Amino acid sequence: MSTLDPADWAGLRALGHKMLDDMVDHLATLRDGPVWQPMPPAVRAGFNAPLPVQGMPLEALYERFRADIQPYVTGNTHPRFMGWVHGGGNAISMLAELLAGAMNANCGGRDHAGIAVERQVIAWSAKMFGMPAETSGVLLTGSSMANFVAVLCARTKTLGQVGRSNGVAGHKLTAYASAGVHRCVPGALDMAGLGSDALRRIPVDEDFRMDTRQLRAAIAADRGAGRTPFLIVGTAGTVDVGAFDELGTLADIAAEAGAWFHVDGAFGALAALSPTHKPALAGLERADSVAFDFHKWAQVTYDAGCVLVRDPDIELATFAQATSYLAAAPRGLAGGAPWPCDLGPDLSRGFRALKIWMTLCAYGTQALGAIVDETCALARRLAGLIQASPGLTLLAPVKLNIVCFGIAGFSDAQTAALVADLQEEGLFAPSTTIIGGRLAIRAAIVNHRTSAADIDALVAEIIRRI
Ligand SMILES: *Cc1c(COP(=O)(O)O)cnc(C)c1O
């Protein structure tokens, strides 16, 4: 019998200490390196290697990581990364991943601390958003999966168990969201077997919020055509410009229509931690379900998504399998049902809750809320600099932490080239989006490490190049 444990624990310990020292140095000196660098072809080719049959010395393996992997990551830990919506992570969460790795807990179920910690995280999340104490939920990879879980719960609400056994055949279930909806919502309808065409994309007003008059009209028209409006998805923080739908009005309309009210708050729901921005979320507390990520604005390391479901019975009715649920014992290791595997699609799953719990405990919601405020203030600073620069134009109102802008006289191709240059030179990593049919530069300030100097430098660098 050959165990995988080392013959020499002292050697492993020494290497482990070196890894930890190196990773702490890495976090402490992020700013000195490039935001991102493309992987050289020779390094990339190294990942086309044959399956290893013989092992290799750990020191050499670690050197390989240092040389070929660590330098070529996404870059979202860097203060000058402003693309898409990526969180910066934090040191406590990094350490928690090491601790969770040592425990190697399977958090699909059974009676152990991992499940208790996850329930605590779910209860705290419900509290953050003003949802009832009995709200249930489960941790997932991200909001894409959380939105998927919400769609399945909405299906259960409308079709009951028949929807699980027979599918949606014949029922013309129809969902509604704003034109700014994230692509994973039609994706969720697709995966649920409803088809992405089951989603009506309602136009937005000048503030990029769903036009609720047109929403009512679309629901009435679909009902008249024999369809069943079953789900309204409000977005709290659209991914293009950071707009918030009017959640209270959407809750009213969903109640009138007998539809499930879901909020995709992937990053924006965390604005609940900021007293300044919380009012924009009024109505979130009435949601039947909420999807959000701890790995974006809450700075937990990837991946850390979450879905909350107001009615625990519906979440159970959507996922519990009679075989596993009923097998749960009243006591012993098989006790403590319902388990996370009864509340979501995964059976075996890791201890994601630990890094979230440790991040919340270590910093507290006040500090995390302050990061929400500070990143929004940086976005306003950026918007101000753009408005003061004759060559630059703001292309959408800055309600939150996202700034979309254009360059006077630049074609879409020129804008795309400028952004790619900034990324490839390792200076800044903004991304792009389409606003009003035109390619815009998009900076989403999510990282707690980004400073006013970084914002000023971004504008100065762009002006230097135009
Ligand atoms: C990021 C995001 C998603 C997708 O979340 P993942 O964690 O990437 O799966 C969905 N909706 C919105 C509004 C987002 O910003």
# chains A, B, ... in the order shown; residues from 1 in each chain; ligands from 1

call {"tool": "select_by_dssp", "arguments": {"residues": "range 40-228 of chain A", "states": "strand (DSSP E)", "output": "PyMOL selection string"}}
result
chain A and resi 136-140+173-178+199-202+228

call {"tool": "residues_around", "arguments": {"residues": "His112 in chain A", "least_positions_apart": "4", "cutoff": "9 Å", "atoms": "only C-alpha atoms", "output": "number ranges by chain"}}
result
A: 105, 107, 116, 333, 336

call {"tool": "closest_atom_pairs", "arguments": {"of": "chain A", "to": "ligand 1", "cutoff": "8 Å", "atoms": "only C-alpha atoms and all ligand atoms", "output": "CSV"}}
result
residue,atom,partner,partner_atom_place_in_ligand_line,distance
A:Trp84,CA,ligand 1,1 (C),7.9
A:Val85,CA,ligand 1,1 (C),6.0
A:His86,CA,ligand 1,1 (C),7.8
A:Thr141,CA,ligand 1,7 (O),6.7
A:Gly142,CA,ligand 1,7 (O),3.4
A:Ser143,CA,ligand 1,5 (O),3.7
A:Ser144,CA,ligand 1,9 (O),3.6
A:Met145,CA,ligand 1,9 (O),6.2
A:Ala146,CA,ligand 1,9 (O),7.6
A:Asn147,CA,ligand 1,10 (C),7.5
A:Val181,CA,ligand 1,13 (C),6.9
A:His182,CA,ligand 1,11 (N),4.7
A:Arg183,CA,ligand 1,10 (C),7.3
A:Cys184,CA,ligand 1,10 (C),6.0
A:Val185,CA,ligand 1,10 (C),7.5
A:Thr235,CA,ligand 1,13 (C),6.4
A:Ala236,CA,ligand 1,13 (C),7.0
A:Gly237,CA,ligand 1,13 (C),5.8
A:Thr238,CA,ligand 1,13 (C),4.8
A:Val239,CA,ligand 1,15 (O),4.5
A:Asp264,CA,ligand 1,11 (N),5.8
A:Gly265,CA,ligand 1,13 (C),6.0
A:Ala266,CA,ligand 1,12 (C),4.5
A:Phe267,CA,ligand 1,15 (O),5.4
A:Gly268,CA,ligand 1,13 (C),7.4
A:Ala291,CA,ligand 1,10 (C),8.0
A:Phe292,CA,ligand 1,7 (O),7.4
A:Asp293,CA,ligand 1,7 (O),5.7
A:His295,CA,ligand 1,7 (O),7.3
A:Lys296,CA,ligand 1,1 (C),7.6
A:Asp303,CA,ligand 1,7 (O),7.6
A:Ala304,CA,ligand 1,7 (O),7.6
A:Gly305,CA,ligand 1,7 (O),5.9

call {"tool": "closest_residue", "arguments": {"among": "A:Val300, A:Leu382, A:Ala126, A:Ala175", "to": "Leu284 in chain A", "atoms": "only C-alpha atoms"}}
result
A:Ala126

call {"tool": "atom_distance", "arguments": {"atom1": "CA of Pro340 in chain A", "atom2": "CA of Val138 in chain A"}}
result
6.2 Å
